[in-house]
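To be precise, the following lines are model-v9.txt, and they hold compact mmCIF, C-alpha atoms and all ligand atoms.
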# COMPACT_ATOMS: atom_id res chain seq x y z
CA MET N 1 -12.18 6.57 -16.92
CA ILE N 2 -11.97 7.52 -13.23
CA LYS N 3 -10.57 4.39 -11.61
CA LEU N 4 -11.94 2.90 -8.41
CA PHE N 5 -8.43 2.20 -7.10
CA ASP N 6 -5.18 3.78 -8.20
CA PRO N 7 -1.85 3.56 -6.33
CA TYR N 8 -0.55 6.93 -5.15
CA ILE N 9 3.01 6.94 -6.46
CA SER N 10 5.76 9.27 -7.58
CA LYS N 11 9.09 8.65 -9.35
CA LYS N 12 10.56 7.54 -6.03
CA GLU N 13 8.87 4.13 -6.11
CA ALA N 14 10.08 3.49 -9.69
CA ASN N 15 13.62 4.61 -8.83
CA VAL N 16 13.93 2.41 -5.77
CA ALA N 17 12.51 -0.61 -7.63
CA SER N 18 15.00 -0.09 -10.43
CA LYS N 19 17.89 0.24 -7.93
CA ILE N 20 16.98 -3.04 -6.28
CA ILE N 21 16.57 -4.84 -9.58
CA GLN N 22 20.06 -3.70 -10.54
CA SER N 23 21.45 -4.76 -7.14
CA LYS N 24 20.25 -8.31 -7.97
CA PHE N 25 19.33 -8.73 -4.30
CA TRP N 26 15.62 -9.24 -4.82
CA ALA N 27 14.65 -11.49 -1.98
CA SER N 28 15.65 -12.93 1.34
CA GLY N 29 13.51 -15.51 3.09
CA SER N 30 14.94 -14.55 6.46
CA GLY N 31 13.88 -10.90 6.05
CA VAL N 32 16.92 -8.66 5.96
CA ARG N 33 17.67 -5.20 4.49
CA ASN N 34 14.50 -3.50 3.21
CA VAL N 35 12.15 -6.12 4.65
CA LYS N 36 13.69 -5.68 8.11
CA ASP N 37 13.68 -1.89 7.69
CA PHE N 38 10.03 -1.97 6.70
CA GLU N 39 9.15 -4.09 9.75
CA ASP N 40 11.07 -1.71 12.02
CA GLU N 41 9.41 1.38 10.54
CA PHE N 42 5.94 -0.16 10.67
CA LEU N 43 6.54 -1.10 14.29
CA LYS N 44 7.45 2.49 15.15
CA TYR N 45 4.49 3.78 13.16
CA THR N 46 1.86 1.52 14.76
CA LYS N 47 3.54 1.19 18.17
CA SER N 48 2.62 -2.50 18.17
CA LYS N 49 4.84 -5.00 20.00
CA SER N 50 6.14 -6.97 16.98
CA CYS N 51 5.82 -6.84 13.21
CA VAL N 52 6.45 -9.68 10.79
CA ALA N 53 6.23 -8.95 7.06
CA VAL N 54 4.85 -11.51 4.59
CA ASN N 55 3.94 -11.54 0.90
CA SER N 56 0.18 -10.85 1.10
CA GLY N 57 -2.71 -10.07 3.38
CA THR N 58 -3.95 -13.60 2.77
CA ALA N 59 -0.65 -15.03 4.03
CA ALA N 60 -0.81 -12.69 7.05
CA LEU N 61 -4.26 -14.00 7.97
CA HIS N 62 -3.27 -17.64 7.41
CA LEU N 63 -0.18 -17.35 9.61
CA ALA N 64 -1.80 -15.15 12.27
CA LEU N 65 -4.54 -17.70 12.90
CA SER N 66 -1.98 -20.48 13.12
CA LEU N 67 -0.64 -18.81 16.29
CA PHE N 68 -3.82 -19.64 18.17
CA ASP N 69 -5.34 -22.95 19.04
CA ILE N 70 -8.37 -22.94 16.75
CA LYS N 71 -8.30 -26.53 15.47
CA ASN N 72 -11.89 -27.90 15.66
CA LYS N 73 -12.96 -24.66 17.32
CA GLU N 74 -15.44 -22.04 16.19
CA VAL N 75 -14.13 -18.71 14.95
CA LEU N 76 -16.57 -15.79 14.82
CA VAL N 77 -16.17 -13.80 11.59
CA PRO N 78 -18.19 -11.35 9.48
CA SER N 79 -19.39 -12.57 6.09
CA LEU N 80 -19.08 -9.14 4.46
CA THR N 81 -15.37 -9.47 3.73
CA PHE N 82 -12.88 -10.76 1.20
CA VAL N 83 -12.79 -14.56 1.02
CA SER N 84 -9.28 -14.75 2.56
CA THR N 85 -10.54 -13.66 5.98
CA VAL N 86 -12.66 -16.78 6.17
CA SER N 87 -10.41 -19.21 4.31
CA SER N 88 -7.67 -18.51 6.87
CA ILE N 89 -9.92 -20.18 9.46
CA LEU N 90 -10.38 -23.30 7.33
CA HIS N 91 -6.67 -23.49 6.48
CA ASN N 92 -6.12 -23.72 10.24
CA LYS N 93 -8.85 -26.35 10.65
CA GLY N 94 -11.23 -24.10 12.53
CA LYS N 95 -14.95 -23.66 11.85
CA PRO N 96 -16.17 -20.25 10.64
CA ILE N 97 -19.28 -18.97 12.44
CA PHE N 98 -20.66 -16.06 10.48
CA VAL N 99 -21.70 -12.99 12.44
CA ASP N 100 -23.93 -10.16 11.21
CA ILE N 101 -22.80 -6.55 10.78
CA ASP N 102 -23.86 -3.18 12.11
CA SER N 103 -25.87 -1.44 9.37
CA LYS N 104 -24.29 1.95 10.22
CA ASN N 105 -20.64 1.08 9.58
CA LEU N 106 -20.81 -2.45 8.07
CA CYS N 107 -18.32 -3.79 10.63
CA ILE N 108 -19.03 -6.85 12.79
CA ASP N 109 -21.90 -6.36 15.27
CA PRO N 110 -20.70 -6.85 18.88
CA LEU N 111 -24.25 -7.83 19.95
CA ASP N 112 -24.30 -10.67 17.45
CA ILE N 113 -20.80 -11.71 18.62
CA LYS N 114 -22.18 -12.02 22.16
CA LYS N 115 -25.11 -14.13 20.91
CA LYS N 116 -22.85 -16.48 18.99
CA ILE N 117 -20.11 -17.13 21.55
CA THR N 118 -20.23 -20.72 22.83
CA LYS N 119 -17.90 -23.02 24.74
CA LYS N 120 -16.49 -24.05 21.37
CA THR N 121 -15.46 -20.52 20.35
CA GLY N 122 -11.69 -20.27 19.84
CA ALA N 123 -11.24 -16.74 18.44
CA ILE N 124 -12.96 -13.62 17.15
CA MET N 125 -12.08 -12.06 13.79
CA ILE N 126 -13.01 -8.49 12.93
CA VAL N 127 -12.65 -6.51 9.70
CA ASP N 128 -12.15 -2.73 9.55
CA PHE N 129 -14.58 -2.43 6.69
CA ALA N 130 -13.52 0.18 4.08
CA GLY N 131 -10.93 1.45 6.58
CA MET N 132 -13.31 2.05 9.49
CA PRO N 133 -12.16 0.75 12.89
CA THR N 134 -15.16 0.58 15.22
CA LYS N 135 -16.32 -0.65 18.62
CA ILE N 136 -12.79 -1.64 19.53
CA LYS N 137 -13.38 -1.15 23.26
CA GLU N 138 -16.52 -3.30 23.18
CA ILE N 139 -14.80 -6.06 21.26
CA LYS N 140 -11.81 -5.97 23.63
CA GLU N 141 -14.17 -6.33 26.59
CA ILE N 142 -16.02 -9.28 25.06
CA ALA N 143 -12.71 -10.98 24.26
CA LYS N 144 -11.43 -10.37 27.79
CA ASP N 145 -14.63 -11.68 29.41
CA HIS N 146 -14.40 -14.90 27.39
CA ASN N 147 -10.62 -15.14 27.28
CA LEU N 148 -10.55 -15.19 23.48
CA PRO N 149 -7.90 -13.87 21.09
CA VAL N 150 -8.95 -11.24 18.53
CA ILE N 151 -7.50 -11.30 15.04
CA GLU N 152 -8.12 -8.05 13.19
CA ASP N 153 -8.24 -7.98 9.40
CA ALA N 154 -6.82 -4.51 8.79
CA ALA N 155 -6.40 -4.97 5.04
CA HIS N 156 -8.37 -1.75 4.48
CA SER N 157 -7.14 0.25 7.44
CA ALA N 158 -3.39 0.93 7.21
CA GLY N 159 -2.89 4.23 9.02
CA ALA N 160 -6.32 4.28 10.68
CA SER N 161 -6.57 5.07 14.37
CA TYR N 162 -8.89 4.69 17.31
CA ASP N 163 -8.76 6.71 20.51
CA GLY N 164 -5.59 8.40 19.22
CA LYS N 165 -3.72 5.09 18.77
CA LYS N 166 -2.87 3.53 15.42
CA ILE N 167 -4.55 0.36 14.23
CA GLY N 168 -2.02 -2.42 14.69
CA SER N 169 -1.54 -1.76 18.39
CA TYR N 170 -4.85 -3.04 19.72
CA PHE N 171 -5.40 -6.76 19.21
CA ASP N 172 -3.52 -10.07 19.56
CA ALA N 173 -2.81 -10.19 15.83
CA VAL N 174 -3.52 -7.48 13.26
CA CYS N 175 -3.19 -8.40 9.60
CA PHE N 176 -2.45 -5.83 6.91
CA SER N 177 -2.53 -6.18 3.13
CA PHE N 178 -0.30 -4.08 0.90
CA HIS N 179 -1.87 -5.25 -2.36
CA PRO N 180 -1.52 -2.54 -5.06
CA VAL N 181 -5.07 -1.26 -4.49
CA LYS N 182 -4.56 -0.76 -0.78
CA ASN N 183 -3.86 2.55 1.05
CA LEU N 184 -0.22 1.45 1.45
CA ALA N 185 0.55 -0.16 -1.91
CA MET N 186 3.29 -2.60 -2.93
CA PRO N 187 3.49 -5.05 -5.85
CA ASN N 188 2.39 -7.51 -3.16
CA GLY N 189 2.78 -7.71 0.58
CA GLY N 190 1.24 -8.11 3.98
CA LEU N 191 2.24 -7.84 7.61
CA ILE N 192 1.21 -9.13 11.02
CA CYS N 193 1.38 -6.90 14.10
CA ILE N 194 1.37 -8.92 17.31
CA ASN N 195 0.32 -7.66 20.73
CA ASN N 196 0.10 -10.72 22.92
CA ARG N 197 1.81 -11.98 26.05
CA ASN N 198 3.50 -14.64 23.87
CA ASN N 199 4.92 -11.97 21.61
CA ILE N 200 8.48 -13.21 21.40
CA LYS N 201 7.48 -16.81 20.79
CA PHE N 202 4.88 -15.74 18.21
CA GLU N 203 7.36 -13.50 16.40
CA LYS N 204 9.88 -16.34 16.13
CA ASN N 205 7.16 -18.71 14.96
CA LEU N 206 6.02 -16.35 12.25
CA GLN N 207 9.55 -15.66 11.06
CA SER N 208 10.07 -19.38 10.62
CA LEU N 209 6.62 -20.18 9.16
CA ARG N 210 6.94 -17.51 6.48
CA TRP N 211 10.07 -19.22 5.21
CA CYS N 212 9.16 -22.88 4.91
CA GLY N 213 9.59 -23.56 8.66
CA ILE N 214 13.33 -22.81 8.57
CA GLU N 215 14.94 -21.98 11.93
CA ASN N 216 18.27 -22.07 13.78
CA ARG N 217 20.10 -20.90 10.70
CA LYS N 218 23.86 -20.74 11.05
CA LYS N 219 25.65 -20.11 7.76
CA PHE N 220 24.78 -23.18 5.69
CA GLU N 221 23.09 -25.11 8.50
CA TYR N 222 19.43 -24.93 9.43
CA ASP N 223 16.63 -27.06 10.79
CA ILE N 224 12.86 -27.34 10.51
CA ARG N 225 10.59 -28.60 13.28
CA LYS N 226 7.32 -27.45 11.73
CA LEU N 227 6.08 -27.16 8.17
CA GLY N 228 5.92 -23.63 6.87
CA TRP N 229 5.14 -21.76 3.65
CA ASN N 230 6.94 -19.66 1.12
CA TYR N 231 5.34 -16.43 2.33
CA TYR N 232 8.23 -13.99 2.72
CA MET N 233 8.11 -10.43 1.45
CA ASN N 234 10.44 -9.52 -1.44
CA GLU N 235 12.93 -6.65 -1.31
CA ILE N 236 11.31 -4.63 -4.11
CA SER N 237 7.94 -4.59 -2.33
CA ALA N 238 9.55 -3.71 1.01
CA ALA N 239 11.53 -0.80 -0.47
CA ILE N 240 8.42 0.57 -2.19
CA GLY N 241 6.57 0.07 1.11
CA LEU N 242 9.10 2.23 2.95
CA ILE N 243 8.35 5.11 0.58
CA GLN N 244 4.61 4.51 0.77
CA LEU N 245 4.70 4.42 4.58
CA LYS N 246 6.30 7.88 4.71
CA LYS N 247 3.39 9.38 2.82
CA LEU N 248 0.62 7.21 4.27
CA ASP N 249 -0.75 9.81 6.70
CA ASN N 250 -0.82 12.48 4.03
CA ALA N 251 -2.49 10.14 1.52
CA ASN N 252 -5.07 9.10 4.12
CA LYS N 253 -5.75 12.78 4.90
CA LYS N 254 -6.60 13.27 1.23
CA ARG N 255 -8.90 10.22 1.29
CA ARG N 256 -10.63 11.57 4.39
CA ALA N 257 -11.18 14.98 2.77
CA ILE N 258 -12.79 13.28 -0.25
CA ALA N 259 -15.00 11.16 2.03
CA LYS N 260 -16.04 14.28 3.95
CA ARG N 261 -17.26 15.83 0.71
CA TYR N 262 -19.17 12.67 -0.23
CA PHE N 263 -20.73 12.55 3.23
CA SER N 264 -21.92 16.13 3.12
CA GLU N 265 -22.67 16.57 -0.59
CA LEU N 266 -24.23 13.26 -1.64
CA GLY N 267 -28.00 13.52 -1.32
CA ILE N 268 -28.46 9.78 -0.82
CA ASP N 269 -29.42 8.74 2.76
CA ASN N 270 -27.74 5.35 2.90
CA LYS N 271 -24.03 6.10 2.85
CA MET N 272 -20.86 5.55 4.79
CA PRO N 273 -20.59 7.67 7.95
CA PHE N 274 -17.80 10.19 8.43
CA SER N 275 -15.15 9.56 11.06
CA ASN N 276 -11.69 11.02 11.58
CA ASN N 277 -10.54 7.52 12.63
CA CYS N 278 -11.33 6.07 9.21
CA VAL N 279 -8.91 5.95 6.28
CA TYR N 280 -11.54 5.40 3.58
CA HIS N 281 -10.02 2.63 1.50
CA PHE N 282 -13.17 3.26 -0.54
CA TYR N 283 -16.48 4.96 0.22
CA TRP N 284 -19.71 2.97 0.14
CA ILE N 285 -23.22 4.01 -0.73
CA ARG N 286 -26.39 1.90 -0.92
CA VAL N 287 -28.58 2.14 -4.02
CA LYS N 288 -31.81 0.41 -5.02
CA ASN N 289 -31.22 -0.65 -8.63
CA ARG N 290 -27.53 -1.44 -8.34
CA LYS N 291 -26.90 -3.06 -11.72
CA LYS N 292 -28.42 -0.14 -13.62
CA PHE N 293 -26.67 2.40 -11.36
CA MET N 294 -23.24 0.83 -11.87
CA LYS N 295 -23.77 0.61 -15.63
CA LYS N 296 -24.75 4.29 -15.81
CA MET N 297 -21.73 5.28 -13.70
CA TYR N 298 -19.48 3.31 -16.04
CA GLU N 299 -21.02 5.00 -19.09
CA LYS N 300 -20.23 8.35 -17.46
CA GLY N 301 -16.60 7.24 -17.04
CA ILE N 302 -16.64 6.37 -13.33
CA GLU N 303 -15.56 2.94 -12.17
CA THR N 304 -17.41 1.50 -9.16
CA GLY N 305 -17.22 -1.85 -7.35
CA ILE N 306 -18.96 -4.28 -5.03
CA HIS N 307 -17.37 -5.02 -1.66
CA TYR N 308 -18.43 -7.73 -1.11
CA ASN N 309 -20.59 -10.61 -2.16
CA PRO N 310 -21.02 -12.26 1.25
CA VAL N 311 -18.75 -15.21 1.90
CA HIS N 312 -21.44 -17.39 3.52
CA LYS N 313 -23.33 -17.39 0.21
CA MET N 314 -20.37 -18.74 -1.80
CA SER N 315 -20.85 -22.27 -3.23
CA TYR N 316 -17.95 -23.63 -1.19
CA TYR N 317 -19.61 -22.81 2.14
CA LYS N 318 -23.21 -23.89 1.45
CA ASN N 319 -23.91 -22.13 4.74
CA LYS N 320 -27.59 -21.87 5.64
CA ILE N 321 -27.13 -19.27 8.36
CA LYS N 322 -29.34 -16.17 8.10
CA LEU N 323 -27.57 -12.81 8.38
CA PRO N 324 -30.40 -10.34 7.73
CA ILE N 325 -28.38 -7.12 7.66
CA THR N 326 -25.51 -8.55 5.62
CA GLU N 327 -27.93 -10.09 3.13
CA LYS N 328 -29.95 -6.90 2.68
CA ILE N 329 -26.95 -4.64 2.33
CA THR N 330 -24.95 -6.77 -0.04
CA ASN N 331 -27.62 -6.39 -2.72
CA GLU N 332 -27.42 -2.61 -2.53
CA ILE N 333 -23.83 -1.72 -1.71
CA VAL N 334 -21.60 0.08 -4.24
CA SER N 335 -18.02 1.26 -3.66
CA ILE N 336 -16.89 4.57 -5.11
CA PRO N 337 -13.31 5.92 -5.45
CA THR N 338 -11.44 7.80 -2.71
CA HIS N 339 -7.84 7.43 -3.91
CA PRO N 340 -5.60 10.50 -3.56
CA ASN N 341 -5.07 10.78 -7.34
CA LEU N 342 -8.64 12.06 -7.78
CA THR N 343 -8.72 15.68 -8.92
CA LYS N 344 -11.22 18.24 -7.69
CA SER N 345 -13.05 17.96 -11.00
CA ASN N 346 -13.13 14.13 -10.70
CA ILE N 347 -14.70 14.47 -7.25
CA ASN N 348 -17.24 17.04 -8.48
CA LYS N 349 -18.14 14.72 -11.35
CA ILE N 350 -18.60 11.73 -9.03
CA ILE N 351 -20.83 13.73 -6.66
CA ASN N 352 -22.92 15.30 -9.44
CA THR N 353 -23.35 12.01 -11.30
CA ILE N 354 -24.48 10.12 -8.19
CA ASN N 355 -26.85 12.92 -7.21
CA ASP N 356 -28.36 12.85 -10.73
CA LEU N 357 -28.76 9.07 -10.72
CA THR N 358 -30.20 8.61 -7.21
C1 LIG N 401 -10.64 -7.45 3.82
C2 LIG N 401 -9.50 -8.12 3.12
N1 LIG N 401 -8.87 -9.14 3.73
C3 LIG N 401 -7.83 -9.77 3.14
C4 LIG N 401 -7.38 -9.43 1.91
C5 LIG N 401 -6.27 -10.21 1.28
O1 LIG N 401 -5.15 -9.43 0.98
P1 LIG N 401 -4.14 -9.85 -0.20
O2 LIG N 401 -4.82 -9.53 -1.49
O3 LIG N 401 -2.96 -8.99 0.04
O4 LIG N 401 -3.87 -11.28 -0.05
C6 LIG N 401 -7.99 -8.37 1.24
C7 LIG N 401 -7.50 -7.95 -0.11
O5 LIG N 401 -8.15 -7.87 -1.07
C8 LIG N 401 -9.08 -7.70 1.85
O6 LIG N 401 -9.69 -6.69 1.23
Represent the structure of the file as structure tokens.
Amino acid sequence: MIKLFDPYISKKEANVASKIIQSKFWASGSGVRNVKDFEDEFLKYTKSKSCVAVNSGTAALHLALSLFDIKNKEVLVPSLTFVSTVSSILHNKGKPIFVDIDSKNLCIDPLDIKKKITKKTGAIMIVDFAGMPTKIKEIKEIAKDHNLPVIEDAAHSAGASYDGKKIGSYFDAVCFSFHPVKNLAMPNGGLICINNRNNIKFEKNLQSLRWCGIENRKKFEYDIRKLGWNYYMNEISAAIGLIQLKKLDNANKKRRAIAKRYFSELGIDNKMPFSNNCVYHFYWIRVKNRKKFMKKMYEKGIETGIHYNPVHKMSYYKNKIKLPITEKITNEIVSIPTHPNLTKSNINKIINTINDLT
């Protein structure tokens, strides 16, 4: 079976994990050793102002939103995303306002953002869908005009760039996921890049919130002034992350080369565009009879997926808003593999099978 996602690893990851297990130093809430090294390296890599590591992309989103005053405010967010993007708003007592997407790249539509901004808007959330950062300048301008923070869900876009700068350096808070399926894979992990005038305060806040609100630690003494969570990154994940970070650009280059082939060799019209900025966490196509298509692909030994069933349609939200593009696309979208472990013959098989079936 050709897997949809498959971490790109060598013996190095296994060796470092084993070394840390034997060291018995597996975790530190305050973020020392490998966690600190990972933060420092990620900071250099993205050229953002601060980096705080946590234990998942979900935790990164939850904590990032807590930095901004969104209580009882509206937060603009796409519905075509993983549920965590939206639940982070509710965990911070904000109100999600779902925004439609651009049918070309499936990222949030800046025109619909403009339509939905009101006096009650407290923040804008964007998602680099499938690793594609788009319309960053337009979104920055909208945010500046309305004095709103932007929180970027970069769970799919570790290593992506825009205008020659890495993702992580653009918005007030940029949240990464290092879940095993992601371009930079760890057993679990996440990270928040901050680029805001309150950087130092925010960094301190996040460091405390990720470890149960603990601050002012001096030997055995510490205090809490705010409630926090147990969200710190473990040492094994951080050490694996350091190895993964070193090969991220090379791995993303491989993903991009695969996507380039899909873009030029797949006969289907409705497919993900090609961009050198994108890191192709997966590649999406749109098909008419999706259930049958996915079943046939599976029978041929190719795993596919659906990213995503729209969040506004989930039972919890009971949201009556109409998002025409999101709703049309989510019935047709299929994700196909782009991971760097795919062989040339795997890629040929994927292309030929899709061309036969569509
Ligand atoms: C777009 C998006 N946001 C957030 C997350 C949450 O990341 P994690 O699984 O690390 O909590 C994911 C992961 O699946 C994701 O794809």
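Distances from N:Ser66, N:Asn188, N:Ser169, N:Ser79 to ligand LIG 401 (chain N) were compared using only C-alpha atoms and all ligand atoms, and the smallest one belongs to N:Asn188.
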Listed atoms of ligand LIG 401 (chain N), axis-aligned box, 4 Å per side: centre and edge lengths to one decimal in Å, as JSON?
{"center_x": -6.8, "center_y": -9.0, "center_z": 1.2, "size_x": 15.7, "size_y": 12.6, "size_z": 13.3}
TODO: State, in Å with one decimal place, the distance from CA of Ile139 (chain N) to CA of Lys104 (chain N).
DONE: 16.6 Å
Task: Within 8 Å of ligand LIG 401 (chain N) (all atoms listed in the file), residues as number ranges by chain - done: N: 55-61, 81-85, 127-129, 153-156, 176-179, 182, 188-190
Task: Among listed residues N:Ile70, N:Met132, N:Leu357, N:Ala251, nearest Leu266 (chain N) (using only C-alpha atoms) - done: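 Between N:Ile70, N:Met132, N:Leu357, N:Ala251, the residue approaching Leu266 (chain N) most closely is N:Leu357.
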Task: Straight-line distance linking CA of Ile243 (chain N) with CA of Lys36 (chain N), stated in Å to one decimal - done: 14.2 Å
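Each of N:Asn198, N:Leu76, N:Lys204, N:Lys119 was checked against Phe98 (chain N) using only C-alpha atoms; the smallest atom-to-atom distance is that of N:Leu76.
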TODO: Write out as a ChimeraX atom specification each polymer residue whose atoms come within 7 Å of Lys3 (chain N), counting only C-alpha atoms; drop sequence neighbours fewer than 2 positions from it.
DONE: /N:1,5-6,302-303,337
Open item on the list: Using only C-alpha atoms, which protein or nucleic acid residues come within 9 Å of region 354-356 of chain N? Drop anything in the same chain fewer than 2 positions from it, and give the result as a list in words.
Closed with: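 Listed by chain and then number, they are Glu265, Leu266, Gly267, Ile268, Phe293, Met297, Lys349, Ile350, Ile351, Asn352 and Thr358 of chain N.
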Task: Best match for closeness to His312 (chain N) among N:Ala259, N:Val99, N:Ile347, N:Leu63, counting all atoms listed in the file - done: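 The answer is N:Val99, which sits nearest to His312 (chain N).
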- [ ] Have a look at N:Asn199, N:Ser48, N:Ser315, N:Ser345 and name the one nearest to Lys166 (chain N); count all atoms listed in the file.
- [x] N:Ser48
Task: Straight-line distance linking CA of Tyr262 (chain N) with CA of His339 (chain N), stated in Å to one decimal - done: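 CA of His339 (chain N) lies at a distance of 13.0 Å from CA of Tyr262 (chain N).
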Within 10 Å of Ala257 (chain N), counting only C-alpha atoms, which residues qualify if same-chain residues fewer than 5 places away don't, as a JSON list (two decimals) with C-alpha atoms, keeping the file's coordinate frame?
[["chain", "number", "residue", "atom", "x", "y", "z"],
["N", 252, "ASN", "CA", -5.07, 9.10, 4.12],
["N", 262, "TYR", "CA", -19.17, 12.67, -0.23],
["N", 263, "PHE", "CA", -20.73, 12.55, 3.23],
["N", 274, "PHE", "CA", -17.80, 10.19, 8.43],
["N", 276, "ASN", "CA", -11.69, 11.02, 11.58],
["N", 279, "VAL", "CA", -8.91, 5.95, 6.28],
["N", 280, "TYR", "CA", -11.54, 5.40, 3.58],
["N", 338, "THR", "CA", -11.44, 7.80, -2.71],
["N", 340, "PRO", "CA", -5.60, 10.50, -3.56]]
TODO: List every protein, DNA or RNA residue that has at least one atom no more than 12 Å from (-9.9, -18.4, 16.2) in the file's coordinates, counting only C-alpha atoms, and write the result as a ChimeraX atom specification.
DONE: /N:61-77,85-97,117,120-126,143,147-152,172-173
Task: Counting all atoms listed in the file, the option among N:Thr46, N:Asn230, N:Asn216, N:Asn341 closest to Ser10 (chain N) - done: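 Once distances to Ser10 (chain N) are computed over all atoms listed in the file, the minimum belongs to N:Asn341.
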Task: region 324-336 of chain N surroundings by all atoms listed in the file, 7 Å radius, close-in-sequence under 5 positions cut, as a PyMOL selection string - done: chain N and resi 4+80+100-101+103+282-288+290+304-310
Hey, could you make a per-residue contact list for region 184-254 of chain N against region 19-35 of chain N with 6 Å as the cut-off, showing the nearest pair of atoms and its distance in Å to one decimal, counting only C-alpha atoms, sorted by chain and number, as a tab-separated table?
residue	atom	partner	partner_atom	distance
N:Trp211	CA	N:Gly29	CA	5.5
N:Tyr232	CA	N:Gly29	CA	5.5
N:Asn234	CA	N:Ala27	CA	4.7
N:Glu235	CA	N:Trp26	CA	5.1
N:Ala238	CA	N:Val35	CA	5.1
N:Ala239	CA	N:Asn34	CA	5.4
Would you mind putting all heavy atoms back on region 249-254 of chain N and writing the result as a PDB file, in the coordinates of the input?
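File produced: result.pdb:
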ATOM      1  N   ASP N 249       0.155   8.910   5.972  1.00  0.00           N
ATOM      2  CA  ASP N 249      -0.750   9.810   6.700  1.00  0.00           C
ATOM      3  C   ASP N 249      -1.274  10.917   5.790  1.00  0.00           C
ATOM      4  O   ASP N 249      -2.457  11.263   5.847  1.00  0.00           O
ATOM      5  CB  ASP N 249      -0.023  10.434   7.916  1.00  0.00           C
ATOM      6  CG  ASP N 249       0.079   9.434   9.071  1.00  0.00           C
ATOM      7  OD1 ASP N 249      -0.674   8.441   9.075  1.00  0.00           O
ATOM      8  OD2 ASP N 249       0.927   9.643   9.955  1.00  0.00           O
ATOM      9  N   ASN N 250      -0.402  11.416   4.941  1.00  0.00           N
ATOM     10  CA  ASN N 250      -0.820  12.480   4.030  1.00  0.00           C
ATOM     11  C   ASN N 250      -1.846  11.944   3.009  1.00  0.00           C
ATOM     12  O   ASN N 250      -2.858  12.584   2.723  1.00  0.00           O
ATOM     13  CB  ASN N 250       0.425  13.048   3.336  1.00  0.00           C
ATOM     14  CG  ASN N 250       0.082  14.195   2.435  1.00  0.00           C
ATOM     15  OD1 ASN N 250      -0.793  14.992   2.762  1.00  0.00           O
ATOM     16  ND2 ASN N 250       0.739  14.277   1.297  1.00  0.00           N
ATOM     17  N   ALA N 251      -1.571  10.745   2.492  1.00  0.00           N
ATOM     18  CA  ALA N 251      -2.490  10.140   1.520  1.00  0.00           C
ATOM     19  C   ALA N 251      -3.847   9.867   2.182  1.00  0.00           C
ATOM     20  O   ALA N 251      -4.909  10.123   1.590  1.00  0.00           O
ATOM     21  CB  ALA N 251      -1.897   8.845   0.979  1.00  0.00           C
ATOM     22  N   ASN N 252      -3.814   9.381   3.426  1.00  0.00           N
ATOM     23  CA  ASN N 252      -5.070   9.100   4.120  1.00  0.00           C
ATOM     24  C   ASN N 252      -5.841  10.393   4.431  1.00  0.00           C
ATOM     25  O   ASN N 252      -7.071  10.396   4.434  1.00  0.00           O
ATOM     26  CB  ASN N 252      -4.809   8.319   5.414  1.00  0.00           C
ATOM     27  CG  ASN N 252      -4.528   6.847   5.116  1.00  0.00           C
ATOM     28  OD1 ASN N 252      -4.902   6.336   4.056  1.00  0.00           O
ATOM     29  ND2 ASN N 252      -3.883   6.159   6.040  1.00  0.00           N
ATOM     30  N   LYS N 253      -5.104  11.482   4.669  1.00  0.00           N
ATOM     31  CA  LYS N 253      -5.750  12.780   4.900  1.00  0.00           C
ATOM     32  C   LYS N 253      -6.535  13.198   3.649  1.00  0.00           C
ATOM     33  O   LYS N 253      -7.661  13.682   3.723  1.00  0.00           O
ATOM     34  CB  LYS N 253      -4.656  13.816   5.217  1.00  0.00           C
ATOM     35  CG  LYS N 253      -5.119  14.974   6.016  1.00  0.00           C
ATOM     36  CD  LYS N 253      -3.913  15.746   6.532  1.00  0.00           C
ATOM     37  CE  LYS N 253      -4.216  17.218   6.504  1.00  0.00           C
ATOM     38  NZ  LYS N 253      -3.019  18.039   6.616  1.00  0.00           N
ATOM     39  N   LYS N 254      -5.925  12.942   2.498  1.00  0.00           N
ATOM     40  CA  LYS N 254      -6.600  13.270   1.230  1.00  0.00           C
ATOM     41  C   LYS N 254      -7.861  12.413   1.064  1.00  0.00           C
ATOM     42  O   LYS N 254      -8.907  12.894   0.641  1.00  0.00           O
ATOM     43  CB  LYS N 254      -5.671  13.052   0.042  1.00  0.00           C
ATOM     44  CG  LYS N 254      -4.540  14.083  -0.060  1.00  0.00           C
ATOM     45  CD  LYS N 254      -3.634  13.730  -1.233  1.00  0.00           C
ATOM     46  CE  LYS N 254      -2.343  14.517  -1.222  1.00  0.00           C
ATOM     47  NZ  LYS N 254      -2.447  15.844  -1.804  1.00  0.00           N
TER      48      LYS N 254
END
